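J.: Below is the file start32.txt, which contains compact mmCIF, C-alpha atoms.
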```
# COMPACT_ATOMS: atom_id res chain seq x y z
CA MET J 1 105.78 100.57 140.81
CA SER J 2 108.87 98.44 141.36
CA LEU J 3 107.49 97.21 144.68
CA SER J 4 104.25 96.03 143.06
CA ILE J 5 106.33 94.32 140.36
CA ILE J 6 108.34 92.42 142.96
CA VAL J 7 105.17 91.47 144.87
CA SER J 8 103.48 90.17 141.67
CA VAL J 9 106.44 88.01 140.67
CA VAL J 10 107.04 86.62 144.16
CA LEU J 11 103.32 85.94 144.65
CA GLY J 12 103.22 84.17 141.29
CA ILE J 13 106.23 82.00 142.06
CA THR J 14 104.78 81.03 145.46
CA MET J 15 101.43 80.19 143.89
CA GLY J 16 103.22 78.18 141.21
CA LEU J 17 105.02 76.11 143.80
CA LEU J 18 101.69 75.09 145.29
CA MET J 19 99.84 74.45 142.03
CA PRO J 20 99.50 71.15 140.16
CA GLU J 21 101.62 70.84 137.01
CA TYR J 22 98.77 70.62 134.48
CA ILE J 23 97.91 74.30 134.94
CA PHE J 24 101.21 75.08 133.19
CA ASN J 25 99.62 74.52 129.77
CA TYR J 26 96.97 77.16 130.39
CA THR J 27 99.52 79.79 131.42
CA ASP J 28 100.95 79.67 127.90
CA ILE J 29 97.74 81.03 126.37
CA ILE J 30 97.29 83.69 129.06
CA ILE J 31 100.88 84.90 128.66
CA ASP J 32 100.62 85.04 124.86
CA PHE J 33 97.40 87.01 125.09
CA GLY J 34 98.62 89.31 127.87
CA LEU J 35 101.87 89.96 126.06
CA CYS J 36 100.10 90.88 122.81
CA LEU J 37 97.81 93.25 124.68
CA LEU J 38 100.73 94.93 126.43
CA LEU J 39 102.75 95.22 123.22
CA PHE J 40 99.72 96.90 121.67
CA PHE J 41 99.78 99.47 124.52
CA VAL J 42 103.52 99.99 124.05
CA GLY J 43 102.74 100.64 120.37
CA ILE J 44 100.12 103.26 121.30
CA ASP J 45 102.63 104.99 123.59
CA ILE J 46 105.16 105.08 120.76
CA GLY J 47 102.56 106.31 118.25
CA ARG J 48 101.49 109.20 120.49
CA ASN J 49 105.05 110.54 120.48
CA LYS J 50 105.59 111.44 116.87
CA GLY J 51 109.15 112.73 117.17
CA VAL J 52 110.44 109.35 118.29
CA PHE J 53 111.11 107.87 114.87
CA ASN J 54 113.14 110.90 113.86
CA ASP J 55 115.19 110.62 117.03
CA ILE J 56 115.91 106.97 116.32
CA LYS J 57 116.77 107.78 112.70
CA LYS J 58 119.28 110.34 113.94
CA ILE J 59 120.95 107.71 116.09
CA GLY J 60 121.17 105.39 113.07
CA LEU J 61 123.31 102.29 113.15
CA LYS J 62 124.97 103.46 116.35
CA VAL J 63 121.94 102.01 118.12
CA LEU J 64 123.51 98.57 117.52
CA LEU J 65 126.26 99.51 119.97
CA ILE J 66 123.78 98.79 122.76
CA PRO J 67 123.13 95.11 121.92
CA ILE J 68 126.86 94.69 121.19
CA MET J 69 127.74 96.00 124.66
CA ILE J 70 125.12 93.74 126.25
CA ILE J 71 126.60 90.74 124.41
CA ILE J 72 130.13 91.56 125.57
CA GLY J 73 128.94 92.32 129.11
CA SER J 74 126.78 89.21 129.50
CA ILE J 75 129.36 86.79 128.13
CA SER J 76 132.36 88.28 129.94
CA GLY J 77 130.32 88.51 133.17
CA SER J 78 129.44 84.84 133.01
CA VAL J 79 133.03 83.90 132.14
CA ILE J 80 134.29 85.79 135.21
CA ALA J 81 131.61 84.11 137.34
CA GLY J 82 132.57 80.76 135.82
CA PHE J 83 136.16 81.37 136.82
CA PHE J 84 135.08 81.67 140.48
CA VAL J 85 132.85 78.59 140.49
CA GLY J 86 135.17 76.39 138.41
CA LEU J 87 133.44 76.31 135.02
CA PRO J 88 135.52 76.07 131.82
CA VAL J 89 135.31 79.13 129.54
CA ASN J 90 133.31 77.40 126.78
CA GLU J 91 130.62 76.32 129.26
CA SER J 92 130.31 79.59 131.18
CA SER J 93 130.29 81.71 128.02
CA ALA J 94 127.59 79.52 126.44
CA VAL J 95 125.38 79.93 129.53
CA GLY J 96 125.90 83.72 129.44
CA ALA J 97 124.99 83.83 125.73
CA GLY J 98 121.44 82.79 126.66
CA PHE J 99 120.83 86.53 127.40
CA GLY J 100 117.83 85.61 129.61
CA TRP J 101 116.08 83.37 127.07
CA TYR J 102 116.03 80.38 129.36
CA SER J 103 113.94 77.89 127.39
CA LEU J 104 116.03 78.16 124.23
CA SER J 105 119.47 78.25 125.87
CA ALA J 106 118.64 75.18 127.97
CA MET J 107 117.40 73.35 124.88
CA LEU J 108 120.52 74.22 122.88
CA LEU J 109 122.76 72.82 125.60
CA SER J 110 120.76 69.70 126.44
CA GLU J 111 122.76 67.52 124.06
CA TYR J 112 126.07 68.73 125.41
CA SER J 113 125.26 67.98 129.07
CA THR J 114 122.14 67.79 131.21
CA GLU J 115 123.92 69.49 134.08
CA LEU J 116 124.99 72.48 131.97
CA SER J 117 121.55 72.67 130.38
CA ALA J 118 120.05 72.90 133.86
CA LEU J 119 122.52 75.63 134.78
CA ALA J 120 121.71 77.57 131.59
CA PHE J 121 118.02 77.22 132.37
CA ILE J 122 118.21 78.33 135.97
CA SER J 123 120.71 81.16 135.52
CA ASN J 124 118.68 82.61 132.67
CA VAL J 125 115.48 82.30 134.74
CA VAL J 126 117.29 84.20 137.50
CA ARG J 127 118.40 86.78 134.94
CA GLU J 128 114.82 87.32 133.79
CA ILE J 129 113.56 87.68 137.37
CA LEU J 130 116.37 90.10 138.26
CA ALA J 131 115.67 92.03 135.06
CA ILE J 132 111.97 92.39 135.91
CA ILE J 133 112.84 93.63 139.39
CA PHE J 134 115.79 95.89 138.53
CA ILE J 135 114.66 97.53 135.26
CA PRO J 136 112.59 100.21 137.05
CA ILE J 137 115.31 100.73 139.67
CA ILE J 138 118.11 101.03 137.08
CA ALA J 139 115.94 103.36 134.96
CA LYS J 140 115.44 105.61 137.97
CA TYR J 141 118.89 105.67 139.52
CA ILE J 142 121.39 104.81 136.76
CA GLY J 143 119.83 105.73 133.42
CA ASP J 144 117.12 104.90 130.91
CA VAL J 145 119.19 103.16 128.19
CA GLU J 146 121.05 101.23 130.87
CA SER J 147 117.75 99.69 131.97
CA VAL J 148 117.63 97.78 128.66
CA ALA J 149 120.82 95.89 129.56
CA PRO J 150 119.45 93.43 132.18
CA ALA J 151 116.55 92.49 129.88
CA GLY J 152 118.81 91.00 127.22
CA ALA J 153 116.88 88.93 124.70
CA THR J 154 113.62 89.49 126.59
CA ALA J 155 113.74 93.22 125.75
CA MET J 156 111.57 92.51 122.69
CA ASP J 157 108.80 90.70 124.58
CA THR J 158 108.38 90.04 128.31
CA SER J 159 110.58 92.89 129.55
CA LEU J 160 109.44 95.43 126.95
CA PRO J 161 106.27 96.54 128.79
CA ILE J 162 108.34 97.12 131.95
CA ILE J 163 110.97 99.13 130.08
CA SER J 164 108.20 101.09 128.37
CA LYS J 165 106.58 101.93 131.71
CA ALA J 166 109.88 102.85 133.36
CA THR J 167 111.31 104.96 130.51
CA ASN J 168 109.99 106.62 127.34
CA PRO J 169 108.93 105.66 123.79
CA GLU J 170 112.39 106.28 122.35
CA ILE J 171 113.98 103.79 124.76
CA SER J 172 111.13 101.33 124.06
CA ILE J 173 112.06 101.23 120.39
CA ILE J 174 115.74 100.85 121.22
CA ALA J 175 114.78 98.02 123.61
CA PHE J 176 112.77 96.25 120.92
CA ILE J 177 115.63 96.49 118.42
CA THR J 178 118.07 95.27 121.08
CA GLY J 179 115.80 92.34 121.96
CA VAL J 180 115.49 91.31 118.32
CA VAL J 181 119.25 91.41 117.77
CA LEU J 182 120.00 89.44 120.95
CA SER J 183 117.23 86.88 120.39
CA SER J 184 118.49 86.16 116.88
CA LEU J 185 122.00 85.66 118.20
CA VAL J 186 121.15 83.17 120.98
CA PRO J 187 120.80 80.16 118.62
CA ILE J 188 124.02 81.15 116.86
CA LEU J 189 126.25 82.10 119.80
CA VAL J 190 125.35 79.32 122.28
CA PRO J 191 126.34 76.40 119.98
CA MET J 192 129.38 78.34 118.74
CA LEU J 193 130.72 79.11 122.22
CA ILE J 194 130.16 75.62 123.63
CA ASN J 195 132.30 74.19 120.82
CA LEU J 196 135.23 76.52 121.51
CA MET X 197 111.12 82.97 116.36
CA GLY X 198 110.30 84.29 112.88
CA PHE X 199 106.57 84.01 113.43
CA ARG X 200 106.76 85.53 116.93
CA LEU X 201 108.85 88.44 115.72
CA ALA X 202 106.37 89.12 112.91
CA LEU X 203 103.43 88.90 115.34
CA TYR X 204 105.01 91.29 117.86
CA LEU X 205 105.96 93.74 115.13
CA ILE X 206 102.46 93.73 113.65
CA ILE X 207 100.85 94.28 117.05
CA LEU X 208 103.28 97.07 117.90
CA LEU X 209 102.63 98.69 114.51
CA ILE X 210 98.84 98.53 114.95
CA GLY X 211 99.36 100.26 118.32
CA VAL X 212 101.65 102.87 116.76
CA ILE X 213 99.11 103.65 114.02
CA ILE X 214 96.23 103.98 116.49
CA GLY X 215 98.38 106.07 118.83
CA SER X 216 99.47 108.44 116.08
CA LYS X 217 95.93 109.04 114.77
CA ASN X 218 95.03 111.25 117.74
CA ILE X 219 91.97 109.09 118.41
CA ILE X 220 93.11 108.78 121.98
CA ASN X 221 92.56 111.91 124.02
CA LYS X 222 94.15 112.63 127.37
CA LYS X 223 91.34 111.11 129.40
CA ILE X 224 91.43 107.77 127.60
CA GLY X 225 95.22 107.96 127.68
CA ASN X 226 95.19 108.13 131.47
CA SER X 227 92.87 105.18 131.86
CA LEU X 228 94.96 103.26 129.30
CA ASP X 229 97.88 103.83 131.63
CA LYS X 230 95.97 102.20 134.48
CA ILE X 231 94.82 99.26 132.34
CA GLN X 232 98.39 98.81 131.18
CA LYS X 233 99.66 98.71 134.74
CA VAL X 234 97.07 96.12 135.81
CA CYS X 235 97.81 93.96 132.73
CA LEU X 236 101.53 94.16 133.38
CA LEU X 237 101.22 93.08 137.01
CA PHE X 238 98.89 90.26 136.03
CA LEU X 239 101.30 89.09 133.31
CA LEU X 240 104.18 89.12 135.78
CA PHE X 241 102.07 87.15 138.25
CA ILE X 242 101.37 84.48 135.60
CA MET X 243 105.02 84.46 134.59
CA GLY X 244 105.87 83.86 138.25
CA ILE X 245 103.41 80.95 138.35
CA ARG X 246 105.10 79.45 135.28
CA ILE X 247 108.48 79.68 136.94
CA GLY X 248 107.24 78.32 140.27
CA ILE X 249 105.22 75.47 138.77
CA ASP X 250 108.19 74.08 136.84
CA ASP X 251 109.73 71.28 138.90
CA ARG X 252 113.06 71.79 137.19
CA VAL X 253 113.32 75.32 138.59
CA VAL X 254 112.92 74.26 142.19
CA SER X 255 115.17 71.20 142.12
CA ASN X 256 117.87 72.90 140.05
CA PHE X 257 117.71 76.08 142.05
CA LEU X 258 118.64 74.25 145.24
CA LYS X 259 121.52 72.54 143.43
CA LEU X 260 122.77 75.31 141.13
CA GLY X 261 121.33 78.44 142.74
CA PHE X 262 124.60 80.00 143.83
CA LYS X 263 126.32 79.51 140.47
CA ALA X 264 123.23 80.73 138.63
CA ILE X 265 122.88 83.88 140.72
CA LEU X 266 126.57 84.72 140.37
CA ILE X 267 126.48 84.21 136.58
CA SER X 268 123.34 86.29 136.08
CA ILE X 269 124.37 89.09 138.42
CA LEU X 270 127.83 89.51 136.88
CA GLY X 271 126.31 89.36 133.39
CA ILE X 272 123.79 92.06 134.26
CA VAL X 273 126.26 94.31 136.08
CA LEU X 274 128.82 94.24 133.25
CA SER X 275 126.12 94.78 130.58
CA VAL X 276 124.74 97.81 132.42
CA PHE X 277 128.26 99.20 132.89
CA LEU X 278 129.22 98.73 129.22
CA VAL X 279 125.96 100.27 127.98
CA LYS X 280 126.64 103.24 130.26
CA LEU X 281 130.05 103.59 128.62
CA VAL X 282 128.64 103.86 125.09
CA LYS X 283 125.57 105.88 126.05
CA ASP X 284 127.21 109.21 125.20
CA ILE X 285 128.40 107.95 121.81
CA VAL X 286 124.95 106.65 120.90
CA PHE X 287 123.02 109.72 121.98
CA LYS X 288 125.56 112.47 121.31
CA LYS X 289 124.12 113.77 118.05
CA SER X 290 120.47 113.67 119.00
CA LYS X 291 121.19 115.45 122.29
CA GLU X 292 123.07 118.23 120.50
CA VAL X 293 120.13 118.69 118.18
CA LYS X 294 117.75 118.81 121.13
CA ASN X 295 119.89 121.43 122.85
CA CYS X 296 119.91 123.56 119.70
CA ARG X 297 116.14 123.38 119.57
CA GLU X 298 115.84 124.45 123.17
CA SER X 299 118.20 127.42 122.82
```
Let's see the structure in the file written out as structure tokens.
T.:
Amino acid sequence: MSLSIIVSVVLGITMGLLMPEYIFNYTDIIIDFGLCLLLFFVGIDIGRNKGVFNDIKKIGLKVLLIPIMIIIGSISGSVIAGFFVGLPVNESSAVGAGFGWYSLSAMLLSEYSTELSALAFISNVVREILAIIFIPIIAKYIGDVESVAPAGATAMDTSLPIISKATNPEISIIAFITGVVLSSLVPILVPMLINL
Amino acid sequence: MGFRLALYLIILLIGVIIGSKNIINKKIGNSLDKIQKVCLLFLLFIMGIRIGIDDRVVSNFLKLGFKAILISILGIVLSVFLVKLVKDIVFKKSKEVKNCRES
């Protein structure tokens, strides 16, 4: 499965490089439709496993520890990386707080500096690609909850079908909750951190 | 964001309701699995096209690629590590319950 995922993404990127720009507008509609269809399937998977909601209820608010850890991990990881490549802490932490949502994080930083906005864009694109590729591998070799971590904010949409396929309905719900929490925090954390 | 979240939730819920109604037997379930896989790969292919078609990605990647890869890799590695650390705390209770059920 993970091999076919890598092949699809790489094939898509190569095709994209060769295609004229105007096709971009059509991909929006296809992605929206495809995503809705896949989320519907994820829903069916969850619905067929009736015990799941009880399991999540038992976990309770502790489930929020997962997005909290992803926030700390993503931001401190990017700060450490920034230290090596000579970025000030406010800039590197703001890029890390994009949590993979590249369009929004780049937009939020565009007023601050075009260069940093470009970095936020590209590093969060890379994060999404790495997430797509490594979610199945992490789920298999490290652990199922851990596979939610690379997805970051995309755990509620684009990465959710991959997490759902690689793990189980319980983790899918945790991933959705995590994605919602992280996505809501991107527009708050990025402006806050850049103004440190 | 608000609209998207509502849309995703509604779609997920419709799926959950249909899934829980036992309308779907094992045979349909298996073919659903295949459809799901094909849809997923197609979606990823289109997402790849979107990334590749964007001029900003290519030009910025050549300029900022190393920084970007370092930032995203360290972010991912630390997130995975920290989630692993709290995994036992998050799942402790439910696992104990499961073990009781089994024994």
J.: What is the atom CA of Ile29 of chain J to atom CA of Lys165 of chain J distance in Å?
T.: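 Those two atoms sit 23.3 Å apart.
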J.: In Å, how far is it from atom CA of Leu35 of chain J to atom CA of Val125 of chain J?
T.: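 These atoms are spaced 17.9 Å apart.
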J.: With only C-alpha atoms as the counted atoms, please give the residues lying no more than 10 Å from Ser172 of chain J, apart from itself and same-chain residues fewer than 5 positions off, as JSON, numbers by chain.
T.: {"J": [42, 43, 45, 46, 52, 144, 145, 148, 155, 156, 160, 161, 162, 163, 164, 165, 166, 167, 177, 178]}
J.: Quick one: of J:Ser183, J:Asn49, J:Ser159, J:Ser117, who's nearest to Ile133 of chain J, counting all atoms listed in the file?
T.: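 Smallest separation from Ile133 of chain J among the options: J:Ser159.
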J.: Skipping near chain neighbours, those fewer than 5 positions away, what residues fall within 8 Å of Pro150 of chain J using all atoms listed in the file, listed as a list of chain:residue names?
T.: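 With the cut-off at 8 Å, the set is J:Arg127, J:Glu128, J:Leu130, J:Ala131, J:Phe134, J:Ile135, X:Ile272, X:Val273, X:Ser275, X:Val276.
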J.: Just to confirm, what's the straight-line distance from atom CA of Leu240 of chain X to atom CA of Arg48 of chain J in Å (one decimal)?
T.: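 Interatomic distance, atom CA of Leu240 of chain X to atom CA of Arg48 of chain J: 25.4 Å.
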J.: Let me have the centre and edge lengths of the axis-aligned box enclosing all listed atoms of segment 148-152 of chain J with 5 Å padding on every side, in Å to one decimal, as AutoDock Vina command-line options.
T.:
```
--center_x 118.7 --center_y 94.4 --center_z 129.7 --size_x 14.3 --size_y 16.8 --size_z 15.0
```
J.: So which one's closest to Val85 of chain J, X:Val212, X:Leu266, X:Ser227, X:Ile242? Using only C-alpha atoms, please.
T.: X:Leu266
J.: Please list as a list of chain:residue names every residue within 7 Å of Ala153 of chain J, counting all atoms listed in the file and excluding residues in the same chain fewer than 5 positions away.
T.: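 The residues that qualify are J:Phe99, J:Gly100, J:Trp101, J:Gly179, J:Val180, J:Leu182, J:Ser183.
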J.: Tell me which of X:Asn221, X:Asn226, X:Ser255, X:Ser268 sits closest to chain J, counting only C-alpha atoms.
T.: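 Among the listed residues, X:Ser268 lies closest to chain J.
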J.: Got a sec to pull out which chain J residues are within 6 Å of chain X, counting all atoms listed in the file, and send them as a list of chain:residue names?
T.: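 Output check: J:Ser8, J:Val9, J:Gly12, J:Ile13, J:Met15, J:Gly16, J:Leu17, J:Leu39, J:Phe40, J:Gly43, J:Ile44, J:Ile46, J:Gly47, J:Arg48, J:Lys62, J:Ile66, J:Met69, J:Ile70, J:Gly73, J:Ser74, J:Gly77, J:Ser78, J:Ala81, J:Ser123, J:Arg127, J:Glu146, J:Ala149, J:Pro150.
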J.: Which is closest to Leu193 of chain J among J:Tyr112, J:Tyr102, J:Phe121, J:Phe176, if we use only C-alpha atoms?
T.: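 Distance minimum relative to Leu193 of chain J lands on J:Tyr112.
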J.: Let me make sure I understand: among J:Leu104, J:Asn124, J:Ala118, J:Ala139, which one has the smallest atom-to-atom distance to Ser184 of chain J if we use all atoms listed in the file?
T.: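 That would be J:Leu104, the residue with the smallest distance to Ser184 of chain J.
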